[in-house]
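J.: File coords-v1.tsv follows (TSV, C-alpha atoms and all ligand atoms):
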chain	number	residue	atom	x	y	z
G	23	MET	CA	-10.55	8.33	7.02
G	24	ALA	CA	-10.63	12.06	6.38
G	25	PHE	CA	-13.92	11.67	4.51
G	26	ASP	CA	-17.25	11.08	6.28
G	27	ASN	CA	-18.65	7.58	6.07
G	28	LEU	CA	-21.50	8.43	3.70
G	29	GLY	CA	-19.23	10.16	1.17
G	30	ARG	CA	-16.82	7.28	1.35
G	31	LYS	CA	-19.60	4.74	0.74
G	32	VAL	CA	-20.92	6.70	-2.27
G	33	VAL	CA	-17.49	6.93	-3.90
G	34	LEU	CA	-16.64	3.29	-3.26
G	35	THR	CA	-20.05	2.18	-4.59
G	36	LEU	CA	-19.62	4.30	-7.74
G	37	ALA	CA	-16.23	2.64	-8.20
G	38	GLY	CA	-18.10	-0.64	-8.71
G	39	ASN	CA	-20.28	0.83	-11.47
G	40	ARG	CA	-19.21	-0.36	-14.93
G	41	VAL	CA	-20.32	2.76	-16.86
G	42	VAL	CA	-18.52	5.10	-14.47
G	43	THR	CA	-15.46	2.84	-14.46
G	44	ASN	CA	-15.24	2.71	-18.26
G	45	PHE	CA	-15.65	6.46	-18.66
G	46	VAL	CA	-13.09	7.42	-16.06
G	47	SER	CA	-10.63	4.73	-17.17
G	48	ASN	CA	-10.72	6.04	-20.74
G	49	HIS	CA	-10.40	9.72	-19.92
G	50	GLY	CA	-9.06	9.89	-16.39
G	51	MET	CA	-5.32	10.15	-17.04
G	52	LYS	CA	-5.93	13.31	-19.08
G	53	MET	CA	-8.27	14.55	-16.36
G	54	GLY	CA	-5.64	14.51	-13.64
G	55	ALA	CA	-5.35	10.95	-12.36
G	56	LYS	CA	-1.67	11.09	-13.26
G	57	ARG	CA	-1.15	13.09	-10.13
G	58	PHE	CA	-1.67	9.78	-8.27
G	59	ILE	CA	-0.58	7.20	-10.89
G	60	ALA	CA	3.01	7.10	-12.18
G	61	GLY	CA	1.99	6.02	-15.69
G	62	GLU	CA	0.13	3.31	-17.54
G	63	SER	CA	3.33	1.39	-18.39
G	64	LEU	CA	6.25	0.10	-16.33
G	65	GLU	CA	8.67	2.04	-18.52
G	66	GLU	CA	6.89	5.35	-17.73
G	67	ALA	CA	6.82	4.46	-14.05
G	68	ALA	CA	10.57	3.69	-14.07
G	69	ILE	CA	11.26	7.29	-15.14
G	70	ARG	CA	9.20	8.61	-12.19
G	71	VAL	CA	11.00	6.22	-9.81
G	72	LYS	CA	14.39	7.44	-11.02
G	73	GLU	CA	13.30	11.02	-10.27
G	74	LEU	CA	12.08	10.09	-6.79
G	75	ASN	CA	15.29	8.15	-6.08
G	76	SER	CA	17.40	11.12	-7.18
G	77	GLU	CA	15.82	13.08	-4.33
G	78	GLY	CA	16.66	10.32	-1.85
G	79	LEU	CA	13.17	8.80	-1.71
G	80	LEU	CA	12.80	5.02	-1.69
G	81	VAL	CA	9.98	3.46	-3.69
G	82	THR	CA	7.68	0.47	-3.74
G	83	LEU	CA	6.22	-0.19	-7.18
G	84	ASP	CA	2.71	-1.52	-7.51
G	85	HIS	CA	1.19	-2.77	-10.76
G	86	VAL	CA	-2.39	-1.68	-10.11
G	87	GLY	CA	-5.26	-4.08	-10.57
G	88	GLU	CA	-7.41	-6.06	-8.19
G	89	SER	CA	-9.38	-9.26	-8.25
G	90	VAL	CA	-8.87	-11.27	-11.45
G	91	SER	CA	-11.36	-13.84	-12.75
G	92	THR	CA	-9.23	-16.25	-14.77
G	93	LYS	CA	-6.10	-18.28	-14.16
G	94	GLU	CA	-4.46	-16.66	-17.21
G	95	GLU	CA	-5.01	-13.15	-15.78
G	96	ALA	CA	-3.53	-14.23	-12.45
G	97	ILE	CA	-0.44	-15.67	-14.15
G	98	GLU	CA	-0.11	-12.54	-16.27
G	99	ALA	CA	-0.21	-10.38	-13.11
G	100	ALA	CA	2.47	-12.56	-11.51
G	101	ASN	CA	4.65	-12.27	-14.62
G	102	GLU	CA	4.30	-8.49	-14.56
G	103	ALA	CA	5.30	-8.37	-10.89
G	104	MET	CA	8.38	-10.47	-11.69
G	105	LYS	CA	9.25	-8.21	-14.61
G	106	ILE	CA	9.39	-5.25	-12.21
G	107	PHE	CA	12.50	-6.74	-10.57
G	108	ASP	CA	14.26	-6.88	-13.96
G	109	ILE	CA	13.39	-3.25	-14.67
G	110	ILE	CA	14.54	-2.23	-11.18
G	111	ASP	CA	17.94	-3.84	-11.80
G	112	GLN	CA	18.31	-2.65	-15.39
G	113	ASN	CA	17.60	0.95	-14.36
G	114	GLN	CA	19.38	0.71	-11.01
G	115	LEU	CA	16.27	1.82	-9.17
G	116	ASN	CA	15.95	1.82	-5.40
G	117	SER	CA	12.58	0.14	-5.20
G	118	ASN	CA	10.86	-2.97	-3.97
G	119	VAL	CA	7.49	-4.36	-5.11
G	120	SER	CA	4.00	-4.43	-3.58
G	121	VAL	CA	1.41	-7.02	-4.64
G	122	LYS	CA	-2.26	-7.76	-3.97
G	123	LEU	CA	-3.21	-11.41	-3.58
G	124	THR	CA	-6.59	-11.11	-5.32
G	125	GLN	CA	-4.64	-10.00	-8.37
G	126	LEU	CA	-2.63	-13.21	-8.16
G	127	GLY	CA	-5.74	-15.41	-8.20
G	128	LEU	CA	-6.76	-15.60	-4.53
G	129	GLY	CA	-10.46	-15.45	-5.48
G	130	ILE	CA	-10.08	-18.30	-7.99
G	131	ASP	CA	-7.94	-20.75	-6.04
G	132	PRO	CA	-5.69	-20.02	-3.05
G	133	GLU	CA	-3.17	-22.65	-4.27
G	134	LEU	CA	-2.85	-20.88	-7.61
G	135	CYS	CA	-2.32	-17.65	-5.70
G	136	TYR	CA	0.30	-19.28	-3.49
G	137	GLU	CA	2.20	-20.61	-6.52
G	138	ASN	CA	2.19	-17.15	-8.09
G	139	LEU	CA	3.27	-15.49	-4.86
G	140	ASP	CA	6.03	-18.05	-4.34
G	141	LYS	CA	7.38	-17.36	-7.85
G	142	ILE	CA	7.41	-13.61	-7.19
G	143	VAL	CA	9.15	-13.88	-3.82
G	144	ALA	CA	11.68	-16.33	-5.31
G	145	LYS	CA	12.39	-13.73	-7.98
G	146	ALA	CA	12.76	-11.05	-5.29
G	147	LYS	CA	15.28	-13.26	-3.50
G	148	LYS	CA	17.24	-13.81	-6.72
G	149	HIS	CA	17.45	-10.02	-7.12
G	150	ASN	CA	18.19	-9.49	-3.44
G	151	ASN	CA	14.96	-7.53	-3.18
G	152	PHE	CA	11.68	-7.55	-1.27
G	153	VAL	CA	7.94	-8.07	-1.79
G	154	ARG	CA	5.32	-6.40	0.39
G	155	ILE	CA	1.92	-8.09	0.40
G	156	ASP	CA	-0.81	-5.44	0.51
G	157	ILE	CA	-3.84	-6.20	2.63
G	158	GLU	CA	-7.32	-6.03	1.11
G	159	ASP	CA	-10.84	-6.24	2.53
G	160	SER	CA	-11.81	-8.39	5.50
G	161	PRO	CA	-13.11	-11.52	3.68
G	162	VAL	CA	-9.50	-12.17	2.62
G	163	THR	CA	-7.62	-11.05	5.75
G	164	GLN	CA	-7.08	-14.51	7.24
G	165	ILE	CA	-6.14	-16.24	4.00
G	166	THR	CA	-3.71	-13.39	3.21
G	167	ILE	CA	-2.01	-13.88	6.57
G	168	ASP	CA	-1.90	-17.66	6.05
G	169	LEU	CA	-0.29	-17.36	2.62
G	170	PHE	CA	2.14	-14.76	3.95
G	171	LYS	CA	3.24	-17.20	6.66
G	172	ARG	CA	3.89	-19.92	4.08
G	173	VAL	CA	6.19	-17.78	1.93
G	174	PHE	CA	7.75	-16.20	5.01
G	175	GLU	CA	8.84	-19.65	6.18
G	176	THR	CA	10.66	-20.23	2.91
G	177	TYR	CA	12.13	-16.79	2.23
G	178	GLY	CA	12.25	-14.91	5.55
G	179	LYS	CA	11.84	-11.27	6.50
G	180	GLU	CA	14.53	-10.02	4.10
G	181	HIS	CA	12.38	-10.91	1.10
G	182	VAL	CA	8.71	-10.73	2.12
G	183	GLY	CA	6.57	-8.61	4.43
G	184	LEU	CA	2.91	-7.94	5.10
G	185	VAL	CA	0.52	-5.01	5.68
G	186	VAL	CA	-1.86	-4.71	8.65
G	187	GLN	CA	-4.83	-2.36	9.13
G	188	SER	CA	-5.39	-0.48	12.39
G	189	TYR	CA	-9.17	-0.24	11.80
G	190	LEU	CA	-9.65	-3.98	12.41
G	191	TYR	CA	-10.18	-5.14	16.00
G	192	ARG	CA	-8.21	-8.32	15.29
G	193	THR	CA	-5.02	-6.53	14.22
G	194	GLU	CA	-3.45	-6.06	17.65
G	195	LYS	CA	-3.42	-9.84	18.12
G	196	ASP	CA	-2.12	-10.37	14.58
G	197	VAL	CA	0.73	-7.90	15.17
G	198	ASP	CA	1.68	-9.64	18.37
G	199	GLU	CA	1.80	-13.02	16.62
G	200	LEU	CA	3.54	-11.74	13.46
G	201	GLY	CA	6.01	-9.83	15.63
G	202	LYS	CA	7.01	-13.03	17.41
G	203	MET	CA	7.77	-14.54	13.98
G	204	GLY	CA	10.01	-11.53	13.20
G	205	ALA	CA	7.88	-10.25	10.32
G	206	SER	CA	8.43	-6.86	8.71
G	207	LEU	CA	5.09	-5.04	8.75
G	208	ARG	CA	3.60	-2.02	7.03
G	209	PHE	CA	1.00	-0.28	9.19
G	210	VAL	CA	-2.00	1.40	7.54
G	211	LYS	CA	-5.35	2.62	8.84
G	212	GLY	CA	-7.33	0.65	6.21
G	213	ALA	CA	-8.96	1.71	2.97
G	214	TYR	CA	-12.08	-0.48	2.58
G	215	LYS	CA	-15.72	-0.31	3.76
G	216	GLU	CA	-15.88	-2.54	6.83
G	217	PRO	CA	-18.78	-3.22	9.25
G	218	LYS	CA	-18.59	-1.99	12.84
G	219	GLU	CA	-18.71	-5.60	14.07
G	220	ILE	CA	-15.13	-6.07	12.93
G	221	ALA	CA	-13.68	-2.56	12.55
G	222	PHE	CA	-13.50	0.58	14.71
G	223	PRO	CA	-16.14	2.95	13.34
G	224	LEU	CA	-14.53	6.09	14.82
G	225	LYS	CA	-11.40	7.71	13.39
G	226	LYS	CA	-10.04	8.48	16.84
G	227	ASP	CA	-10.06	4.78	17.73
G	228	VAL	CA	-8.45	3.81	14.42
G	229	ASP	CA	-5.73	6.40	15.05
G	230	SER	CA	-5.05	5.38	18.63
G	231	ASN	CA	-4.93	1.71	17.65
G	232	PHE	CA	-2.46	2.67	14.90
G	233	ASN	CA	-0.12	4.20	17.49
G	234	LYS	CA	-0.60	1.25	19.82
G	235	ILE	CA	0.28	-1.46	17.27
G	236	VAL	CA	3.25	0.46	15.83
G	237	ALA	CA	4.63	0.88	19.36
G	238	LEU	CA	4.10	-2.83	20.04
G	239	HIS	CA	6.02	-3.89	16.94
G	240	LEU	CA	8.86	-1.39	17.44
G	241	LYS	CA	9.20	-2.36	21.09
G	242	ASN	CA	9.54	-5.97	19.95
G	243	GLY	CA	12.48	-4.81	17.80
G	244	GLN	CA	10.72	-5.52	14.50
G	245	TYR	CA	10.95	-3.55	11.28
G	246	SER	CA	7.98	-1.22	10.86
G	247	ALA	CA	6.77	0.84	7.91
G	248	ILE	CA	4.52	3.67	9.07
G	249	ALA	CA	2.29	4.23	6.05
G	250	SER	CA	0.22	7.31	6.69
G	251	HIS	CA	-0.13	10.95	5.67
G	252	ASP	CA	-1.38	11.84	9.12
G	253	GLU	CA	1.09	14.11	10.93
G	254	ASN	CA	-0.28	13.09	14.31
G	255	VAL	CA	0.62	9.42	13.90
G	256	ILE	CA	3.90	10.32	12.20
G	257	ASN	CA	4.87	12.61	15.09
G	258	GLU	CA	3.85	9.98	17.59
G	259	THR	CA	6.18	7.45	15.94
G	260	LYS	CA	9.02	9.96	16.02
G	261	ARG	CA	8.38	10.70	19.68
G	262	PHE	CA	8.08	7.03	20.62
G	263	ALA	CA	11.29	6.12	18.77
G	264	LYS	CA	13.26	8.93	20.46
G	265	GLU	CA	11.93	8.11	23.90
G	266	ASN	CA	12.78	4.43	23.54
G	267	ASN	CA	16.13	4.86	21.76
G	268	ILE	CA	14.84	3.11	18.67
G	269	SER	CA	17.17	3.63	15.73
G	270	ASN	CA	15.87	5.30	12.56
G	271	ASP	CA	17.04	2.16	10.76
G	272	LEU	CA	14.29	0.09	12.36
G	273	PHE	CA	11.47	1.97	10.67
G	274	GLU	CA	10.51	3.97	7.62
G	275	PHE	CA	7.69	6.28	6.71
G	276	GLN	CA	5.66	5.50	3.62
G	277	MET	CA	3.26	7.66	1.66
G	278	LEU	CA	1.36	7.32	-1.57
G	279	TYR	CA	2.67	8.80	-4.82
G	280	GLY	CA	1.45	12.37	-5.22
G	281	ILE	CA	0.13	12.76	-1.67
G	282	ARG	CA	1.70	15.14	0.87
G	283	ASN	CA	4.81	15.61	-1.27
G	284	GLU	CA	6.23	18.33	0.98
G	285	LEU	CA	5.85	16.20	4.08
G	286	GLN	CA	7.70	13.35	2.33
G	287	ARG	CA	10.63	15.68	1.62
G	288	GLN	CA	10.56	17.22	5.08
G	289	LEU	CA	10.86	13.80	6.78
G	290	LEU	CA	13.74	12.99	4.47
G	291	LYS	CA	15.52	16.19	5.51
G	292	GLU	CA	15.01	15.26	9.15
G	293	GLY	CA	16.98	12.06	8.49
G	294	TYR	CA	14.15	9.53	8.25
G	295	LYS	CA	13.74	6.90	5.55
G	296	VAL	CA	10.77	7.66	3.32
G	297	ARG	CA	9.30	5.29	0.76
G	298	VAL	CA	6.78	6.32	-1.89
G	299	TYR	CA	4.16	3.75	-2.89
G	300	THR	CA	4.15	4.23	-6.64
G	301	PRO	CA	1.28	2.67	-8.60
G	302	TYR	CA	1.29	2.24	-12.36
G	303	GLY	CA	-0.77	0.34	-14.92
G	304	LYS	CA	-3.87	0.59	-17.05
G	305	HIS	CA	-6.37	-0.60	-14.40
G	306	TRP	CA	-5.82	2.25	-11.99
G	307	TYR	CA	-9.44	3.21	-11.38
G	308	PRO	CA	-10.24	1.21	-8.17
G	309	TYR	CA	-6.99	2.47	-6.61
G	310	PHE	CA	-7.84	6.01	-7.63
G	311	SER	CA	-11.39	5.72	-6.21
G	312	ARG	CA	-10.05	4.80	-2.79
G	313	ARG	CA	-7.87	7.92	-2.82
G	314	VAL	CA	-10.92	10.04	-3.68
G	315	ALA	CA	-12.98	8.32	-0.97
G	316	GLU	CA	-10.31	9.28	1.56
G	317	ARG	CA	-10.36	12.93	0.66
G	318	PRO	CA	-13.11	14.95	-1.02
G	319	ALA	CA	-10.55	17.55	-2.18
G	320	ASN	CA	-9.21	14.90	-4.57
G	321	ALA	CA	-12.66	14.62	-6.15
G	322	LEU	CA	-12.85	18.42	-6.52
G	323	PHE	CA	-9.38	18.48	-8.07
G	324	PHE	CA	-10.47	15.75	-10.50
G	325	ALA	CA	-13.77	17.46	-11.31
G	326	LYS	CA	-11.99	20.77	-12.05
G	327	SER	CA	-9.63	18.98	-14.45
G	328	LEU	CA	-12.67	17.41	-16.13
G	329	PHE	CA	-14.18	20.83	-16.83
G	330	ARG	CA	-10.84	22.20	-18.04
G	331	SER	CA	-10.29	19.29	-20.48
H	401	LIG	P1	-6.03	10.02	7.30
H	401	LIG	O1	-7.05	9.44	6.39
H	401	LIG	O2	-6.39	10.28	8.72
H	401	LIG	O3	-5.48	11.33	6.66
H	401	LIG	C1	-4.59	12.21	7.32
H	401	LIG	C2	-4.28	13.38	6.40
H	401	LIG	O4	-3.53	12.89	5.28
H	401	LIG	C3	-5.51	14.03	5.75
H	401	LIG	O5	-6.06	15.01	6.58
H	401	LIG	C4	-4.91	14.57	4.49
H	401	LIG	O6	-4.21	15.77	4.77
H	401	LIG	C5	-3.93	13.53	4.09
H	401	LIG	N1	-4.53	12.53	3.19
H	401	LIG	C6	-4.96	11.29	3.52
H	401	LIG	N2	-5.41	10.64	2.43
H	401	LIG	C7	-5.27	11.48	1.41
H	401	LIG	C8	-5.56	11.40	0.02
H	401	LIG	N3	-6.08	10.31	-0.52
H	401	LIG	N4	-5.29	12.49	-0.73
H	401	LIG	C9	-4.76	13.61	-0.20
H	401	LIG	N5	-4.46	13.75	1.10
H	401	LIG	C10	-4.71	12.70	1.89
H	401	LIG	N6	-4.81	0.44	2.82
H	401	LIG	C11	-5.18	-0.87	2.85
H	401	LIG	O7	-6.30	-1.16	3.26
H	401	LIG	N7	-4.30	-1.84	2.46
H	401	LIG	C12	-3.03	-1.57	2.04
H	401	LIG	O8	-2.27	-2.48	1.72
H	401	LIG	C13	-2.63	-0.19	2.00
H	401	LIG	N8	-1.38	0.17	1.60
H	401	LIG	C14	-0.98	1.49	1.76
H	401	LIG	C15	0.34	1.84	1.50
H	401	LIG	C16	0.77	3.14	1.76
H	401	LIG	C17	2.22	3.49	1.50
H	401	LIG	C18	-0.14	4.12	2.28
H	401	LIG	C19	0.32	5.51	2.60
H	401	LIG	C20	-1.45	3.77	2.47
H	401	LIG	C21	-1.89	2.48	2.19
H	401	LIG	N9	-3.22	2.14	2.41
H	401	LIG	C22	-3.57	0.79	2.39
H	401	LIG	C23	-4.26	3.18	2.58
H	401	LIG	C24	-4.53	3.47	4.04
H	401	LIG	O9	-5.22	2.39	4.61
H	401	LIG	C25	-5.40	4.75	4.20
H	401	LIG	O10	-6.62	4.55	3.55
H	401	LIG	C26	-4.76	6.01	3.63
H	401	LIG	O11	-3.37	6.03	3.85
H	401	LIG	C27	-5.38	7.26	4.32
H	401	LIG	O12	-5.13	7.25	5.67
H	401	LIG	P2	-3.99	8.13	6.40
H	401	LIG	O13	-3.25	7.22	7.29
H	401	LIG	O14	-3.14	8.82	5.41
H	401	LIG	O15	-4.73	9.11	7.36
Let me see the file written as structure tokens.

T.:
Amino acid sequence: MAFDNLGRKVVLTLAGNRVVTNFVSNHGMKMGAKRFIAGESLEEAAIRVKELNSEGLLVTLDHVGESVSTKEEAIEAANEAMKIFDIIDQNQLNSNVSVKLTQLGLGIDPELCYENLDKIVAKAKKHNNFVRIDIEDSPVTQITIDLFKRVFETYGKEHVGLVVQSYLYRTEKDVDELGKMGASLRFVKGAYKEPKEIAFPLKKDVDSNFNKIVALHLKNGQYSAIASHDENVINETKRFAKENNISNDLFEFQMLYGIRNELQRQLLKEGYKVRVYTPYGKHWYPYFSRRVAERPANALFFAKSLFRS
């Protein structure tokens, strides 16, 4: 949101280019992507998580990767997500897991995706842990909500939660409905290119809708994860919680690995829960591109590393 729309479109379009993708994927870690990615393997990521936990930060681990094209890839992604729970327990990490449904086969067959998701949430329950379903672009919003509801019915809010995007017009209604079910929600502004017919084109509207839907969910007494690096929306949540006597236990702040590190620590010192979304894996490029699209300074940082290497 901090980037103008044209810049954002260019970066996100380049992210779809195979030549660019291959080049950056092969050289990017050396060029500075590791500032935003905790490693290419789960074992490397576990070391970073341990460090974050030792400072008091909570974590959600995400095995990066998006839409898969075969059933085998979808099953492999589900197996990796399940393996994260074993590594969390073996290393006594304070972390849950985030997943993307297109990675679990949503684009191939929603039933395949559901089976994979069900296995992962069952594993989370066995480990007394939690799965957060990330939200992707608008063609899959409704089906993501539908599949969330199915696993939610089986496993409940202790083991599965969803993400909602404040840039979509529909989200206020979704939050109202999901709130009535008692769902734990992560609130984000939204990271994809969306048309103005379905999403607020202006940042100020996205921001004010963010505050509105967080307030709605908190007022309904439902667990809320405020996932933003924007001090204005963070301060508004703090103010709203104080004014309405909402306990710090009912919400947490979340930020992405490597972004606004000082702010993460400052909130922790103030007594708030802070969770770091920690991505790892070989296919980190689309995730990385969205971070660059959000903030041109990240592209400059990356370009400088390229010239240095
Ligand atoms: P905004 O873009 O207004 O930025 C506010 C300030 O934060 C900037 O001025 C800058 O200082 C800092 N900042 C923001 N982005 C930065 C970056 N990339 N690098 C450096 N500084 C930056 N989206 C989605 O569509 N589906 C999802 O499931 C998720 N999941 C998710 C989890 C978590 C934990 C977070 C924090 C974010 C997501 N997102 C997401 C991404 C989200 O939608 C959004 O694109 C980014 O968080 C950027 O928006 P901000 O709210 O940070 O504010």

J.: Please, what distance in Å, to one decimal, runs between CA of Ser311 in chain G and CA of Ala55 in chain G?

T.: 10.1 Å

J.: What do you get as a VMD selection string if you pick all residues at most 8 Å from ligand LIG 401 (chain H), counting only C-alpha atoms and all ligand atoms?

T.: chain G and resid 23 to 25 122 155 to 159 185 to 187 208 to 214 225 229 248 to 253 255 276 to 278 281 to 282 297 to 299 312 to 317 319 to 320

J.: Go ahead and write the residues just picked, C-alpha atoms, as a PDB file, keeping the file's coordinate frame.

T.:
ATOM      1  CA  MET G  23     -10.550   8.330   7.020  1.00  0.00           C
ATOM      2  CA  ALA G  24     -10.630  12.060   6.380  1.00  0.00           C
ATOM      3  CA  PHE G  25     -13.920  11.670   4.510  1.00  0.00           C
ATOM      4  CA  LYS G 122      -2.260  -7.760  -3.970  1.00  0.00           C
ATOM      5  CA  ILE G 155       1.920  -8.090   0.400  1.00  0.00           C
ATOM      6  CA  ASP G 156      -0.810  -5.440   0.510  1.00  0.00           C
ATOM      7  CA  ILE G 157      -3.840  -6.200   2.630  1.00  0.00           C
ATOM      8  CA  GLU G 158      -7.320  -6.030   1.110  1.00  0.00           C
ATOM      9  CA  ASP G 159     -10.840  -6.240   2.530  1.00  0.00           C
ATOM     10  CA  VAL G 185       0.520  -5.010   5.680  1.00  0.00           C
ATOM     11  CA  VAL G 186      -1.860  -4.710   8.650  1.00  0.00           C
ATOM     12  CA  GLN G 187      -4.830  -2.360   9.130  1.00  0.00           C
ATOM     13  CA  ARG G 208       3.600  -2.020   7.030  1.00  0.00           C
ATOM     14  CA  PHE G 209       1.000  -0.280   9.190  1.00  0.00           C
ATOM     15  CA  VAL G 210      -2.000   1.400   7.540  1.00  0.00           C
ATOM     16  CA  LYS G 211      -5.350   2.620   8.840  1.00  0.00           C
ATOM     17  CA  GLY G 212      -7.330   0.650   6.210  1.00  0.00           C
ATOM     18  CA  ALA G 213      -8.960   1.710   2.970  1.00  0.00           C
ATOM     19  CA  TYR G 214     -12.080  -0.480   2.580  1.00  0.00           C
ATOM     20  CA  LYS G 225     -11.400   7.710  13.390  1.00  0.00           C
ATOM     21  CA  ASP G 229      -5.730   6.400  15.050  1.00  0.00           C
ATOM     22  CA  ILE G 248       4.520   3.670   9.070  1.00  0.00           C
ATOM     23  CA  ALA G 249       2.290   4.230   6.050  1.00  0.00           C
ATOM     24  CA  SER G 250       0.220   7.310   6.690  1.00  0.00           C
ATOM     25  CA  HIS G 251      -0.130  10.950   5.670  1.00  0.00           C
ATOM     26  CA  ASP G 252      -1.380  11.840   9.120  1.00  0.00           C
ATOM     27  CA  GLU G 253       1.090  14.110  10.930  1.00  0.00           C
ATOM     28  CA  VAL G 255       0.620   9.420  13.900  1.00  0.00           C
ATOM     29  CA  GLN G 276       5.660   5.500   3.620  1.00  0.00           C
ATOM     30  CA  MET G 277       3.260   7.660   1.660  1.00  0.00           C
ATOM     31  CA  LEU G 278       1.360   7.320  -1.570  1.00  0.00           C
ATOM     32  CA  ILE G 281       0.130  12.760  -1.670  1.00  0.00           C
ATOM     33  CA  ARG G 282       1.700  15.140   0.870  1.00  0.00           C
ATOM     34  CA  ARG G 297       9.300   5.290   0.760  1.00  0.00           C
ATOM     35  CA  VAL G 298       6.780   6.320  -1.890  1.00  0.00           C
ATOM     36  CA  TYR G 299       4.160   3.750  -2.890  1.00  0.00           C
ATOM     37  CA  ARG G 312     -10.050   4.800  -2.790  1.00  0.00           C
ATOM     38  CA  ARG G 313      -7.870   7.920  -2.820  1.00  0.00           C
ATOM     39  CA  VAL G 314     -10.920  10.040  -3.680  1.00  0.00           C
ATOM     40  CA  ALA G 315     -12.980   8.320  -0.970  1.00  0.00           C
ATOM     41  CA  GLU G 316     -10.310   9.280   1.560  1.00  0.00           C
ATOM     42  CA  ARG G 317     -10.360  12.930   0.660  1.00  0.00           C
ATOM     43  CA  ALA G 319     -10.550  17.550  -2.180  1.00  0.00           C
ATOM     44  CA  ASN G 320      -9.210  14.900  -4.570  1.00  0.00           C
TER      45      ASN G 320
END

J.: Given all atoms listed in the file as the basis, pick out the residue of G:Ser230, G:Gln112, G:Thr176, G:Thr166 nearest to Val143 in chain G.

T.: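 Using all atoms listed in the file, Val143 in chain G sits closest to G:Thr176.
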
J.: Between G:Ser89, G:Asn267, G:Thr82, G:Gln286, which residue has the minimum interatomic distance to Lys241 in chain G, considering all atoms listed in the file?

T.: G:Asn267

J.: As a PyMOL selection string, please: the residues near range 73-78 of chain G (cut-off 12 Å, all atoms listed in the file, same-chain neighbours under 2 positions excluded).

T.: chain G and resi 60+66-71+80-83+110+113-117+279-280+283+286-291+293-300

J.: Can you spit out the residues from that selection as an mmCIF file, in the coordinates of the input, using C-alpha atoms?

T.:
data_model
loop_
_atom_site.group_PDB
_atom_site.id
_atom_site.type_symbol
_atom_site.label_atom_id
_atom_site.label_comp_id
_atom_site.auth_asym_id
_atom_site.auth_seq_id
_atom_site.Cartn_x
_atom_site.Cartn_y
_atom_site.Cartn_z
ATOM 1 C CA ALA G 60 3.010 7.100 -12.180
ATOM 2 C CA GLU G 66 6.890 5.350 -17.730
ATOM 3 C CA ALA G 67 6.820 4.460 -14.050
ATOM 4 C CA ALA G 68 10.570 3.690 -14.070
ATOM 5 C CA ILE G 69 11.260 7.290 -15.140
ATOM 6 C CA ARG G 70 9.200 8.610 -12.190
ATOM 7 C CA VAL G 71 11.000 6.220 -9.810
ATOM 8 C CA LEU G 80 12.800 5.020 -1.690
ATOM 9 C CA VAL G 81 9.980 3.460 -3.690
ATOM 10 C CA THR G 82 7.680 0.470 -3.740
ATOM 11 C CA LEU G 83 6.220 -0.190 -7.180
ATOM 12 C CA ILE G 110 14.540 -2.230 -11.180
ATOM 13 C CA ASN G 113 17.600 0.950 -14.360
ATOM 14 C CA GLN G 114 19.380 0.710 -11.010
ATOM 15 C CA LEU G 115 16.270 1.820 -9.170
ATOM 16 C CA ASN G 116 15.950 1.820 -5.400
ATOM 17 C CA SER G 117 12.580 0.140 -5.200
ATOM 18 C CA TYR G 279 2.670 8.800 -4.820
ATOM 19 C CA GLY G 280 1.450 12.370 -5.220
ATOM 20 C CA ASN G 283 4.810 15.610 -1.270
ATOM 21 C CA GLN G 286 7.700 13.350 2.330
ATOM 22 C CA ARG G 287 10.630 15.680 1.620
ATOM 23 C CA GLN G 288 10.560 17.220 5.080
ATOM 24 C CA LEU G 289 10.860 13.800 6.780
ATOM 25 C CA LEU G 290 13.740 12.990 4.470
ATOM 26 C CA LYS G 291 15.520 16.190 5.510
ATOM 27 C CA GLY G 293 16.980 12.060 8.490
ATOM 28 C CA TYR G 294 14.150 9.530 8.250
ATOM 29 C CA LYS G 295 13.740 6.900 5.550
ATOM 30 C CA VAL G 296 10.770 7.660 3.320
ATOM 31 C CA ARG G 297 9.300 5.290 0.760
ATOM 32 C CA VAL G 298 6.780 6.320 -1.890
ATOM 33 C CA TYR G 299 4.160 3.750 -2.890
ATOM 34 C CA THR G 300 4.150 4.230 -6.640
#

J.: What does the structure give for the distance between CA of Ser63 in chain G and CA of Gly87 in chain G, in Å to one decimal?

T.: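 One can read the CA of Ser63 in chain G to CA of Gly87 in chain G distance as 12.8 Å.
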
J.: Go through G:Glu175, G:Glu258, G:Glu98, G:Glu194 one by one, measure the shortest atom-to-atom distance of each to Asp140 in chain G using only C-alpha atoms, and give the residue with the smallest value.

T.: G:Glu175

J.: Within 8 Å of Asp84 in chain G, counting all atoms listed in the file, which residues qualify if same-chain residues fewer than 3 places away don't, as a PyMOL selection string?

T.: chain G and resi 119-121+299-302

J.: Hey, can you check how far CA of Lys56 in chain G sits from CA of His85 in chain G?

T.: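 So the two atoms, CA of Lys56 in chain G and CA of His85 in chain G, lie 14.4 Å apart.
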
J.: From the list G:Ser246, G:Leu79, G:Ile130, G:Asn233, which residue is nearest Phe262 in chain G when using only C-alpha atoms?

T.: G:Asn233

J.: Which residue is closest to Ala146 in chain G? Choose from G:Asp131, G:Asp168, G:Glu180, G:Glu88 and count all atoms listed in the file.

T.: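 Of the candidates, the smallest distance to Ala146 in chain G is held by G:Glu180.
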